[in-house]
$ cat structure.tsv   # TSV, C-alpha atoms
chain	number	residue	atom	x	y	z
F	1	MET	CA	-22.16	-0.02	-19.80
F	2	SER	CA	-23.22	2.07	-16.80
F	3	GLU	CA	-21.38	1.90	-13.50
F	4	PRO	CA	-23.15	-0.41	-10.97
F	5	ARG	CA	-24.59	1.30	-7.94
F	6	ALA	CA	-22.06	1.57	-5.13
F	7	TRP	CA	-22.18	-0.39	-1.88
F	8	PHE	CA	-21.19	1.60	1.23
F	9	GLY	CA	-19.90	4.43	-0.95
F	10	GLN	CA	-17.45	2.15	-2.79
F	11	PRO	CA	-17.74	0.09	-6.00
F	12	ARG	CA	-19.49	-3.24	-5.55
F	13	GLY	CA	-16.39	-4.98	-6.82
F	14	LEU	CA	-14.47	-3.87	-3.72
F	15	THR	CA	-16.98	-5.73	-1.55
F	16	ILE	CA	-16.52	-8.86	-3.67
F	17	LEU	CA	-12.75	-8.62	-3.41
F	18	PHE	CA	-12.60	-8.16	0.34
F	19	LEU	CA	-15.20	-10.89	0.98
F	20	THR	CA	-13.15	-13.26	-1.16
F	21	ASN	CA	-9.99	-12.41	0.72
F	22	MET	CA	-11.87	-12.46	4.03
F	23	TRP	CA	-12.44	-16.19	3.64
F	24	GLU	CA	-8.94	-16.76	2.31
F	25	GLN	CA	-7.59	-15.02	5.41
F	26	PHE	CA	-9.93	-17.13	7.54
F	27	SER	CA	-8.30	-20.24	6.11
F	28	TYR	CA	-4.74	-18.88	6.40
F	29	TYR	CA	-5.00	-17.48	9.93
F	30	GLY	CA	-7.09	-20.41	11.11
F	31	MET	CA	-4.29	-22.77	10.18
F	32	ARG	CA	-1.61	-20.37	11.43
F	33	ALA	CA	-3.28	-20.02	14.85
F	34	LEU	CA	-2.85	-23.76	15.34
F	35	LEU	CA	0.48	-24.31	13.60
F	36	VAL	CA	3.05	-23.65	16.35
F	37	TYR	CA	0.92	-25.37	19.00
F	38	TYR	CA	0.31	-28.34	16.68
F	39	MET	CA	4.02	-28.77	16.01
F	40	THR	CA	5.13	-28.47	19.65
F	41	LYS	CA	2.23	-30.33	21.30
F	42	GLN	CA	1.15	-32.92	18.72
F	43	LEU	CA	4.22	-33.49	16.53
F	44	MET	CA	6.51	-32.97	19.57
F	45	MET	CA	8.98	-30.73	17.72
F	46	ALA	CA	11.58	-28.76	19.66
F	47	GLN	CA	10.77	-25.05	19.93
F	48	GLY	CA	13.69	-24.00	17.75
F	49	THR	CA	12.75	-26.48	15.04
F	50	ALA	CA	9.10	-25.43	15.15
F	51	SER	CA	10.16	-21.79	14.81
F	52	ILE	CA	12.23	-22.59	11.72
F	53	VAL	CA	9.35	-24.54	10.14
F	54	TYR	CA	6.90	-21.75	10.99
F	55	GLY	CA	9.17	-19.06	9.56
F	56	THR	CA	9.98	-21.08	6.44
F	57	TYR	CA	6.31	-21.79	5.75
F	58	THR	CA	5.15	-18.19	6.21
F	59	ALA	CA	8.11	-17.03	4.13
F	60	CYS	CA	7.29	-19.43	1.29
F	61	ALA	CA	3.64	-18.35	1.42
F	62	TYR	CA	4.87	-14.86	0.52
F	63	PHE	CA	7.66	-15.90	-1.84
F	64	THR	CA	5.50	-17.83	-4.28
F	65	PRO	CA	3.41	-14.68	-5.06
F	66	ILE	CA	6.52	-13.20	-6.70
F	67	LEU	CA	6.33	-15.88	-9.38
F	68	GLY	CA	2.54	-16.01	-9.22
F	69	GLY	CA	2.22	-12.32	-10.03
F	70	VAL	CA	4.29	-12.74	-13.20
F	71	ILE	CA	2.25	-15.78	-14.22
F	72	ALA	CA	-0.99	-13.86	-13.65
F	73	ASP	CA	0.18	-10.82	-15.64
F	74	ARG	CA	1.68	-12.74	-18.56
F	75	LEU	CA	-0.16	-16.04	-18.86
F	76	LEU	CA	-3.29	-16.75	-16.84
F	77	GLY	CA	-4.83	-13.37	-16.13
F	78	LYS	CA	-5.94	-12.38	-12.64
F	79	ARG	CA	-9.27	-14.21	-12.70
F	80	ARG	CA	-7.86	-17.60	-13.67
F	81	ALA	CA	-4.93	-17.19	-11.27
F	82	ILE	CA	-7.29	-16.56	-8.35
F	83	ILE	CA	-9.53	-19.53	-9.16
F	84	LEU	CA	-6.64	-21.94	-9.69
F	85	GLY	CA	-4.69	-20.69	-6.68
F	86	GLY	CA	-7.70	-20.81	-4.36
F	87	SER	CA	-8.51	-24.36	-5.43
F	88	ILE	CA	-4.94	-25.50	-4.74
F	89	MET	CA	-4.96	-23.79	-1.33
F	90	ALA	CA	-8.25	-25.45	-0.35
F	91	ALA	CA	-6.74	-28.83	-1.19
F	92	GLY	CA	-3.70	-28.04	0.97
F	93	HIS	CA	-5.85	-27.10	3.97
F	94	PHE	CA	-7.78	-30.35	3.74
F	95	MET	CA	-4.46	-32.23	3.50
F	96	MET	CA	-3.49	-30.71	6.87
F	97	ALA	CA	-6.12	-32.95	8.44
F	98	PHE	CA	-3.75	-35.89	7.86
F	99	GLU	CA	-0.61	-35.90	10.00
F	100	SER	CA	1.42	-37.85	7.42
F	101	LEU	CA	0.81	-35.11	4.83
F	102	PHE	CA	2.02	-32.24	7.04
F	103	TYR	CA	4.93	-31.04	4.91
F	104	PRO	CA	3.25	-31.65	1.50
F	105	ALA	CA	0.21	-29.77	2.80
F	106	LEU	CA	2.29	-26.74	3.76
F	107	ALA	CA	3.94	-26.75	0.33
F	108	THR	CA	0.58	-27.05	-1.44
F	109	ILE	CA	-0.89	-24.08	0.46
F	110	ALA	CA	2.18	-21.97	-0.33
F	111	ILE	CA	1.97	-22.78	-4.06
F	112	GLY	CA	-1.73	-21.93	-4.26
F	113	ASN	CA	-1.17	-18.74	-2.31
F	114	GLY	CA	1.39	-17.67	-4.91
F	115	LEU	CA	-1.26	-17.46	-7.62
F	116	PHE	CA	-4.02	-16.11	-5.40
F	117	LEU	CA	-2.43	-13.42	-3.26
F	118	PRO	CA	-1.00	-10.84	-5.73
F	119	SER	CA	-3.91	-10.99	-8.16
F	120	LEU	CA	-6.68	-10.01	-5.75
F	121	PRO	CA	-5.51	-6.62	-4.35
F	122	SER	CA	-4.09	-5.62	-7.72
F	123	GLN	CA	-7.70	-5.57	-9.00
F	124	ILE	CA	-8.66	-2.73	-6.65
F	125	ASP	CA	-7.35	0.09	-8.85
F	126	ASP	CA	-9.26	-1.40	-11.82
F	127	LEU	CA	-12.50	-0.50	-10.04
F	128	TYR	CA	-11.92	3.27	-10.06
F	129	ALA	CA	-11.71	5.90	-12.74
F	130	PRO	CA	-8.47	7.95	-12.86
F	131	GLY	CA	-8.56	10.66	-10.22
F	132	ASP	CA	-11.33	9.05	-8.14
F	133	PRO	CA	-10.57	10.20	-4.57
F	134	ARG	CA	-12.08	7.04	-3.07
F	135	VAL	CA	-9.10	4.96	-4.18
F	136	GLY	CA	-6.97	6.60	-1.48
F	137	TRP	CA	-8.96	4.88	1.28
F	138	ALA	CA	-9.91	1.76	-0.68
F	139	TYR	CA	-6.95	-0.24	0.65
F	140	ASN	CA	-7.85	0.51	4.26
F	141	VAL	CA	-11.46	-0.50	3.59
F	142	TYR	CA	-10.17	-3.67	1.94
F	143	TYR	CA	-7.88	-4.27	4.91
F	144	VAL	CA	-10.87	-4.21	7.28
F	145	GLY	CA	-12.67	-6.84	5.22
F	146	VAL	CA	-9.56	-9.01	5.18
F	147	ASN	CA	-9.30	-8.86	8.96
F	148	ILE	CA	-12.84	-10.07	9.54
F	149	GLY	CA	-11.59	-13.45	8.37
F	150	GLY	CA	-8.50	-13.12	10.52
F	151	PHE	CA	-10.71	-12.38	13.54
F	152	LEU	CA	-13.07	-15.30	13.02
F	153	ALA	CA	-10.29	-17.81	12.27
F	154	PRO	CA	-8.80	-18.30	15.76
F	155	LEU	CA	-12.27	-18.34	17.34
F	156	VAL	CA	-13.54	-21.04	14.98
F	157	CYS	CA	-10.50	-23.00	13.83
F	158	GLY	CA	-8.57	-22.41	17.05
F	159	THR	CA	-11.43	-23.51	19.29
F	160	LEU	CA	-12.13	-26.60	17.18
F	161	GLY	CA	-8.43	-27.47	17.17
F	162	GLU	CA	-7.88	-26.98	20.91
F	163	LEU	CA	-11.08	-28.57	22.19
F	164	TYR	CA	-12.02	-31.22	19.61
F	165	GLY	CA	-8.81	-32.08	17.77
F	166	TRP	CA	-6.27	-30.29	15.59
F	167	HIS	CA	-7.61	-31.80	12.38
F	168	TRP	CA	-11.09	-30.36	12.92
F	169	GLY	CA	-9.53	-26.91	12.98
F	170	PHE	CA	-7.53	-27.53	9.80
F	171	GLY	CA	-10.63	-28.88	8.03
F	172	ALA	CA	-12.61	-25.75	8.94
F	173	ALA	CA	-9.85	-23.67	7.33
F	174	GLY	CA	-10.31	-25.59	4.08
F	175	ILE	CA	-14.06	-24.97	4.11
F	176	GLY	CA	-13.39	-21.24	4.49
F	177	MET	CA	-11.20	-21.23	1.38
F	178	VAL	CA	-13.94	-22.93	-0.64
F	179	GLY	CA	-16.36	-20.23	0.54
F	180	GLY	CA	-14.04	-17.49	-0.69
F	181	LEU	CA	-13.83	-19.06	-4.12
F	182	ALA	CA	-17.62	-19.30	-4.36
F	183	ILE	CA	-18.01	-15.59	-3.57
F	184	TYR	CA	-15.43	-14.60	-6.17
F	185	LEU	CA	-17.10	-16.65	-8.89
F	186	TRP	CA	-20.52	-15.23	-8.01
F	187	GLY	CA	-19.27	-11.63	-8.03
F	188	GLN	CA	-17.55	-11.61	-11.43
F	189	ARG	CA	-20.13	-9.24	-12.91
F	190	TYR	CA	-19.00	-6.51	-10.50
F	191	LEU	CA	-15.34	-6.64	-11.59
F	192	ARG	CA	-13.90	-4.75	-14.52
F	193	GLU	CA	-12.98	-6.65	-17.66
F	194	GLN	CA	-9.29	-5.76	-17.45
F	195	ALA	CA	-9.18	-7.58	-14.13
F	196	ARG	CA	-10.34	-10.77	-15.85
F	197	ARG	CA	-7.87	-11.09	-18.73
F	198	PRO	CA	-4.10	-11.18	-19.05
F	199	VAL	CA	-2.74	-7.70	-19.67
F	200	VAL	CA	-0.58	-8.98	-22.53
F	201	GLU	CA	-1.03	-11.67	-25.11
F	202	ARG	CA	0.06	-15.11	-23.95
F	203	GLY	CA	3.80	-15.55	-24.32
F	204	ALA	CA	4.45	-11.88	-25.23
F	205	ALA	CA	6.71	-9.64	-23.15
F	206	PRO	CA	5.05	-6.57	-21.61
F	207	GLN	CA	6.02	-3.40	-23.43
F	208	VAL	CA	6.62	-1.36	-20.29
F	209	ARG	CA	9.65	-0.12	-18.43
F	210	PHE	CA	10.05	0.14	-14.69
F	211	PRO	CA	11.62	3.56	-13.84
F	212	ARG	CA	14.97	3.00	-12.14
F	213	GLU	CA	14.42	5.48	-9.30
F	214	THR	CA	11.01	3.97	-8.54
F	215	ALA	CA	12.48	0.48	-8.50
F	216	VAL	CA	15.24	1.57	-6.09
F	217	LEU	CA	12.71	3.25	-3.79
F	218	LEU	CA	10.46	0.19	-3.67
F	219	LEU	CA	13.47	-2.03	-3.03
F	220	ALA	CA	14.56	0.18	-0.12
F	221	ILE	CA	11.05	0.25	1.34
F	222	GLY	CA	10.90	-3.53	0.97
F	223	LEU	CA	14.16	-3.89	2.89
F	224	SER	CA	12.82	-1.67	5.67
F	225	VAL	CA	9.61	-3.69	5.86
F	226	THR	CA	11.68	-6.88	5.99
F	227	VAL	CA	13.36	-5.61	9.16
F	228	PHE	CA	9.98	-4.58	10.56
F	229	ARG	CA	8.40	-7.97	9.84
F	230	SER	CA	11.19	-9.86	11.59
F	231	ALA	CA	9.68	-8.37	14.76
F	232	TYR	CA	6.02	-8.13	13.73
F	233	GLU	CA	5.73	-11.79	12.63
F	234	GLN	CA	6.59	-13.01	16.13
F	235	VAL	CA	2.89	-12.57	16.95
F	236	GLY	CA	2.07	-16.03	15.65
F	237	ASN	CA	5.33	-17.54	16.86
F	238	THR	CA	7.10	-16.55	20.08
F	239	VAL	CA	4.36	-14.20	21.32
F	240	ALA	CA	1.93	-17.11	20.96
F	241	LEU	CA	4.26	-19.27	23.05
F	242	TRP	CA	4.51	-16.51	25.67
F	243	ALA	CA	0.71	-16.30	25.79
F	244	ASP	CA	0.67	-20.01	26.67
F	245	VAL	CA	3.20	-19.94	29.52
F	246	GLY	CA	3.75	-16.30	30.56
F	247	VAL	CA	0.19	-14.98	30.77
F	248	ASP	CA	-2.43	-15.59	33.45
F	249	ARG	CA	-5.39	-16.46	31.22
F	250	ARG	CA	-7.94	-16.91	34.00
F	251	ALA	CA	-11.15	-14.90	33.60
F	252	GLY	CA	-13.74	-15.54	36.28
F	253	GLY	CA	-14.05	-19.28	36.68
F	254	SER	CA	-12.69	-20.21	33.25
F	255	VAL	CA	-9.45	-20.03	31.29
F	256	ILE	CA	-9.27	-18.13	27.98
F	257	PRO	CA	-8.10	-20.45	25.18
F	258	MET	CA	-4.63	-19.43	24.05
F	259	THR	CA	-5.62	-19.27	20.36
F	260	TRP	CA	-8.30	-16.66	21.12
F	261	PHE	CA	-5.66	-14.01	21.61
F	262	GLN	CA	-4.76	-14.44	17.93
F	263	ALA	CA	-8.21	-12.98	17.17
F	264	LEU	CA	-7.39	-9.69	18.91
F	265	ASN	CA	-5.27	-8.28	16.10
F	266	PRO	CA	-7.88	-8.57	13.31
F	267	LEU	CA	-10.67	-7.51	15.70
F	268	LEU	CA	-8.75	-4.37	16.58
F	269	VAL	CA	-8.08	-3.68	12.90
F	270	MET	CA	-11.85	-3.57	12.36
F	271	VAL	CA	-12.49	-1.43	15.43
F	272	MET	CA	-9.62	1.02	14.98
F	273	THR	CA	-9.70	1.59	11.22
F	274	PRO	CA	-12.91	3.74	11.04
F	275	PRO	CA	-11.72	6.34	13.59
F	276	LEU	CA	-8.28	6.37	11.98
F	277	LEU	CA	-9.83	7.08	8.58
F	278	VAL	CA	-11.84	9.93	10.10
F	279	PHE	CA	-8.68	11.29	11.73
F	280	TRP	CA	-6.70	11.12	8.48
F	281	ARG	CA	-9.54	12.72	6.51
F	282	HIS	CA	-9.77	15.64	8.94
F	283	ARG	CA	-6.02	16.15	8.69
F	284	ALA	CA	-6.26	16.07	4.90
F	285	GLU	CA	-9.02	18.70	4.95
F	286	ARG	CA	-6.64	20.95	6.89
F	287	GLY	CA	-3.85	20.29	4.39
F	288	ARG	CA	-1.87	18.04	6.73
F	289	VAL	CA	-1.67	14.80	4.74
F	290	ALA	CA	0.94	12.41	6.14
F	291	ARG	CA	3.29	11.16	3.44
F	292	PRO	CA	3.40	7.35	3.06
F	293	ALA	CA	7.02	6.80	4.17
F	294	HIS	CA	6.53	9.14	7.15
F	295	LYS	CA	3.31	7.32	8.15
F	296	MET	CA	5.00	3.93	7.85
F	297	ALA	CA	7.91	5.05	10.04
F	298	ALA	CA	5.47	6.18	12.74
F	299	GLY	CA	3.79	2.78	12.63
F	300	ALA	CA	7.08	0.94	13.10
F	301	LEU	CA	7.86	3.09	16.17
F	302	VAL	CA	4.50	2.21	17.74
F	303	VAL	CA	5.18	-1.50	17.23
F	304	GLY	CA	8.55	-0.99	18.89
F	305	GLY	CA	6.69	0.45	21.87
F	306	ALA	CA	4.45	-2.62	22.00
F	307	TYR	CA	7.46	-4.90	22.37
F	308	LEU	CA	8.96	-2.61	25.00
F	309	LEU	CA	5.79	-3.21	27.00
F	310	LEU	CA	6.34	-6.98	26.89
F	311	ALA	CA	9.99	-6.52	27.87
F	312	ALA	CA	8.90	-4.48	30.90
F	313	LEU	CA	6.37	-7.13	31.92
F	314	GLU	CA	9.01	-9.83	31.72
F	315	GLY	CA	11.38	-7.65	33.72
F	316	ILE	CA	8.81	-7.41	36.52
F	317	GLY	CA	8.49	-11.20	36.57
F	318	GLY	CA	5.65	-13.61	37.23
F	319	PRO	CA	2.71	-14.46	34.96
F	320	SER	CA	1.22	-11.26	33.54
F	321	HIS	CA	-2.51	-10.58	33.59
F	322	TRP	CA	-4.12	-11.17	30.20
F	323	ALA	CA	-5.20	-7.49	30.05
F	324	TRP	CA	-1.56	-6.54	29.40
F	325	LEU	CA	-1.53	-8.82	26.38
F	326	VAL	CA	-4.65	-7.04	25.14
F	327	LEU	CA	-2.84	-3.68	25.49
F	328	PHE	CA	0.10	-5.10	23.55
F	329	PHE	CA	-2.21	-6.01	20.68
F	330	VAL	CA	-3.79	-2.53	20.74
F	331	LEU	CA	-0.36	-0.94	20.22
F	332	LEU	CA	0.75	-3.54	17.69
F	333	THR	CA	-2.42	-3.07	15.62
F	334	LEU	CA	-2.20	0.72	15.67
F	335	GLY	CA	1.33	0.51	14.29
F	336	GLU	CA	0.29	-2.10	11.73
F	337	LEU	CA	-2.50	0.14	10.37
F	338	TYR	CA	0.02	2.90	9.77
F	339	ILE	CA	2.55	0.75	7.95
F	340	LEU	CA	1.13	-2.31	6.16
F	341	PRO	CA	-1.91	-1.01	4.21
F	342	THR	CA	0.09	2.12	3.39
F	343	GLY	CA	2.96	0.10	1.96
F	344	LEU	CA	0.67	-2.13	-0.09
F	345	GLY	CA	-1.12	0.91	-1.53
F	346	LEU	CA	2.19	2.60	-2.34
F	347	PHE	CA	3.45	-0.41	-4.29
F	348	ALA	CA	0.16	-0.68	-6.22
F	349	ARG	CA	0.10	3.07	-6.95
F	350	LEU	CA	3.67	3.18	-8.27
F	351	ALA	CA	3.23	0.11	-10.49
F	352	PRO	CA	3.74	0.69	-14.23
F	353	ALA	CA	0.72	-0.03	-16.43
F	354	GLY	CA	0.58	-3.71	-17.26
F	355	LEU	CA	2.66	-4.83	-14.27
F	356	GLY	CA	0.13	-4.41	-11.47
F	357	ALA	CA	0.14	-7.97	-10.13
F	358	THR	CA	3.92	-8.22	-10.56
F	359	THR	CA	4.56	-5.05	-8.56
F	360	VAL	CA	2.14	-6.06	-5.80
F	361	ALA	CA	3.92	-9.42	-5.73
F	362	ALA	CA	7.16	-7.53	-5.09
F	363	TRP	CA	5.54	-6.14	-1.92
F	364	TYR	CA	5.16	-9.73	-0.74
F	365	LEU	CA	8.88	-10.26	-1.31
F	366	ALA	CA	9.42	-8.13	1.80
F	367	THR	CA	6.88	-10.28	3.63
F	368	PHE	CA	8.73	-13.41	2.48
F	369	ALA	CA	12.11	-12.12	3.64
F	370	GLY	CA	10.69	-10.77	6.89
F	371	SER	CA	8.90	-14.05	7.68
F	372	LEU	CA	12.04	-16.06	7.02
F	373	THR	CA	14.08	-13.71	9.19
F	374	ALA	CA	11.39	-13.89	11.88
F	375	GLY	CA	11.74	-17.65	11.97
F	376	LEU	CA	15.49	-17.34	12.51
F	377	VAL	CA	15.03	-14.64	15.15
F	378	GLY	CA	12.47	-16.84	16.88
F	379	THR	CA	15.08	-19.54	17.51
F	380	LEU	CA	16.61	-17.18	20.09
F	381	TRP	CA	13.47	-17.44	22.24
F	382	SER	CA	14.72	-20.54	24.07
F	383	ARG	CA	18.34	-19.31	24.17
F	384	THR	CA	17.94	-15.86	25.76
F	385	GLY	CA	15.94	-14.29	28.54
F	386	HIS	CA	12.46	-13.31	27.44
F	387	ALA	CA	12.91	-9.68	28.47
F	388	THR	CA	16.08	-9.48	26.37
F	389	PHE	CA	14.31	-11.11	23.45
F	390	PHE	CA	11.46	-8.59	23.49
F	391	LEU	CA	13.96	-5.72	23.77
F	392	MET	CA	15.66	-7.05	20.65
F	393	LEU	CA	12.31	-7.05	18.79
F	394	ALA	CA	11.70	-3.46	19.87
F	395	GLY	CA	15.12	-2.52	18.50
F	396	LEU	CA	14.34	-4.13	15.13
F	397	ALA	CA	11.11	-2.15	14.85
F	398	VAL	CA	12.88	1.11	15.69
F	399	LEU	CA	15.58	0.36	13.11
F	400	ALA	CA	12.86	-0.11	10.47
F	401	ALA	CA	11.35	3.25	11.46
F	402	VAL	CA	14.69	5.02	10.99
F	403	MET	CA	15.16	3.43	7.57
F	404	LEU	CA	11.66	4.40	6.41
F	405	ARG	CA	12.00	7.97	7.66
F	406	ALA	CA	15.23	8.34	5.64
F	407	LEU	CA	13.31	7.39	2.46
F	408	ASP	CA	10.66	10.07	2.90
F	409	PRO	CA	12.32	12.73	0.65
F	410	VAL	CA	12.71	10.28	-2.25
F	411	GLU	CA	9.14	9.05	-1.96
F	412	GLN	CA	7.83	12.62	-1.77
F	413	ARG	CA	9.65	13.54	-4.97
F	414	LEU	CA	8.35	10.54	-6.94
F	415	GLU	CA	4.74	11.02	-5.78
F	416	ARG	CA	4.53	14.63	-6.98
$ encode --input "structure.tsv" --output "structure tokens"
Amino acid sequence: MSEPRAWFGQPRGLTILFLTNMWEQFSYYGMRALLVYYMTKQLMMAQGTASIVYGTYTACAYFTPILGGVIADRLLGKRRAIILGGSIMAAGHFMMAFESLFYPALATIAIGNGLFLPSLPSQIDDLYAPGDPRVGWAYNVYYVGVNIGGFLAPLVCGTLGELYGWHWGFGAAGIGMVGGLAIYLWGQRYLREQARRPVVERGAAPQVRFPRETAVLLLAIGLSVTVFRSAYEQVGNTVALWADVGVDRRAGGSVIPMTWFQALNPLLVMVMTPPLLVFWRHRAERGRVARPAHKMAAGALVVGGAYLLLAALEGIGGPSHWAWLVLFFVLLTLGELYILPTGLGLFARLAPAGLGATTVAAWYLATFAGSLTAGLVGTLWSRTGHATFFLMLAGLAVLAAVMLRALDPVEQRLER
């Protein structure tokens, strides 16, 4: 069977995968943009309680993929796992429209996400022949597609939730998830067969071994990313609260909706990724390829600088102009592009044959731990000065950078 003609210089299957995840991210970030505000303004939760619920939910959404990746590899196969998981998630989003189902809805979304999330990006490598140079940038291309959904979500779901009622925003998130499922089902002919079937016979144990040194490296990177995410994940939590009370959101004769600022991060991912790819390609042509651990450490440092900016603004005092919040998101996104797609690609690249979804799921273990830690860190928001709080976040990001930089020699040796 001949290879289908490429779209935008990449296999057509990559377009199907990132469009599917685009709508899944639309549903996830649409709900997340409303979640803290919904809990504190509608459900009248205390800030500390809302932070714990937010952190626990986001943590569970990234813990369930650990089990979901094993189920996809050993029982369902990636295709069935995505269809089943997406259907469960859509049901959970629609349940969010009913206040009495708040906690069951969160649990339902987290369970569906466990099947969906690890199986989709682990199909990317299946689209390329061994040695295809395009695979090196495929994860950044995929990351752009993902962030289109993240950009649209606060503008659509956030606006509906703020102006017309929270439940309208949650319902729109559910519709987005259904759209993602429809695209995935339509695009099956562009995905490789091995992405559609379990990699082992049902009930049989995979006949592969995970090299000990590789496992230790990935565990150490995961721990570093956990520290990083305890600061990074404040974007949807305490930074969102600061945007509501500490930022002058007036623009002309109107006030910018607070949820709109949640759209800045994915918008900047789309805008900043193309020039970054050009920059990295030019460096590669001159033989100056940045190693993954080194690149990730640089990204964590940049995020630390973003939180230092917020600490300085709080130190000055008074409501800050919304342009400063935009600058914060520029720095945060630049650091994110250096660390998160790089880490995901590293985990997928080092995965043993037959354990692709399982190894990608292990990447989300760091996201789980970091989200849970972020929820705990967020409880300090109402107990400390805001400048001190942002300084603490900057320190966490710098600590993650130091840890990642120390792992560079080990990673370099294993990638040879």
$ residues_near_point --input "structure.tsv" --point "(10.9, 0.5, -4.4)" --cutoff "12 Å" --atoms "all atoms listed in the file" --output "CSV table (one decimal) with C-alpha atoms, in the coordinates of the input"
chain,number,residue,atom,x,y,z
F,210,PHE,CA,10.0,0.1,-14.7
F,211,PRO,CA,11.6,3.6,-13.8
F,212,ARG,CA,15.0,3.0,-12.1
F,213,GLU,CA,14.4,5.5,-9.3
F,214,THR,CA,11.0,4.0,-8.5
F,215,ALA,CA,12.5,0.5,-8.5
F,216,VAL,CA,15.2,1.6,-6.1
F,217,LEU,CA,12.7,3.2,-3.8
F,218,LEU,CA,10.5,0.2,-3.7
F,219,LEU,CA,13.5,-2.0,-3.0
F,220,ALA,CA,14.6,0.2,-0.1
F,221,ILE,CA,11.0,0.2,1.3
F,222,GLY,CA,10.9,-3.5,1.0
F,223,LEU,CA,14.2,-3.9,2.9
F,224,SER,CA,12.8,-1.7,5.7
F,225,VAL,CA,9.6,-3.7,5.9
F,293,ALA,CA,7.0,6.8,4.2
F,343,GLY,CA,3.0,0.1,2.0
F,344,LEU,CA,0.7,-2.1,-0.1
F,346,LEU,CA,2.2,2.6,-2.3
F,347,PHE,CA,3.4,-0.4,-4.3
F,348,ALA,CA,0.2,-0.7,-6.2
F,349,ARG,CA,0.1,3.1,-7.0
F,350,LEU,CA,3.7,3.2,-8.3
F,351,ALA,CA,3.2,0.1,-10.5
F,359,THR,CA,4.6,-5.0,-8.6
F,360,VAL,CA,2.1,-6.1,-5.8
F,362,ALA,CA,7.2,-7.5,-5.1
F,363,TRP,CA,5.5,-6.1,-1.9
F,365,LEU,CA,8.9,-10.3,-1.3
F,366,ALA,CA,9.4,-8.1,1.8
F,404,LEU,CA,11.7,4.4,6.4
F,407,LEU,CA,13.3,7.4,2.5
F,410,VAL,CA,12.7,10.3,-2.2
F,411,GLU,CA,9.1,9.0,-2.0
F,414,LEU,CA,8.4,10.5,-6.9
$ atom_distance --input "structure.tsv" --atom1 "CA of Thr20 in chain F" --atom2 "CA of Val53 in chain F"
27.6 Å
$ closest_residue --input "structure.tsv" --among "F:Ile339, F:Val227, F:Ile16, F:Leu332" --to "Leu191 in chain F" --atoms "all atoms listed in the file"
F:Ile16
$ residues_around --input "structure.tsv" --residues "range 102-114 of chain F" --least-positions-apart "4" --cutoff "9 Å" --atoms "all atoms listed in the file" --output "VMD selection string"
chain F and resid 28 57 to 69 81 to 82 84 to 98 118 361
$ atom_distance --input "structure.tsv" --atom1 "CA of Arg32 in chain F" --atom2 "CA of Pro121 in chain F"
21.3 Å
$ closest_residue --input "structure.tsv" --among "F:Thr367, F:Ala231, F:Thr273, F:Leu334" --to "Leu396 in chain F" --atoms "all atoms listed in the file"
F:Ala231
$ atom_distance --input "structure.tsv" --atom1 "CA of Val377 in chain F" --atom2 "CA of Leu241 in chain F"
14.1 Å
$ closest_residue --input "structure.tsv" --among "F:Val271, F:Ala323, F:Leu264, F:Leu17" --to "Asp125 in chain F" --atoms "all atoms listed in the file"
F:Leu17
$ axis_aligned_box --input "structure.tsv" --around "range 142-155 of chain F" --padding-each-side "4 Å" --output "lines of an AutoDock Vina configuration file"
center_x = -10.5
center_y = -11.0
center_z = 9.6
size_x = 13.2
size_y = 22.7
size_z = 23.4
$ closest_residue --input "structure.tsv" --among "F:Gln412, F:Val245, F:Ser371, F:Ala400" --to "His386 in chain F" --atoms "all atoms listed in the file"
F:Val245
$ closest_residue --input "structure.tsv" --among "F:Met270, F:Leu376, F:Leu391, F:Leu120" --to "Leu152 in chain F" --atoms "all atoms listed in the file"
F:Met270
$ residues_around --input "structure.tsv" --residues "Ile83 in chain F" --least-positions-apart "6" --cutoff "12 Å" --atoms "all atoms listed in the file" --output "NGL selection string"
:F and (20 or 24 or 72 or 76-77 or 89-90 or 112-117 or 119-120 or 177-186 or 188 or 196)
$ closest_residue --input "structure.tsv" --among "F:Phe228, F:Thr333, F:Gly370, F:Arg283" --to "Leu393 in chain F" --atoms "all atoms listed in the file"
F:Phe228
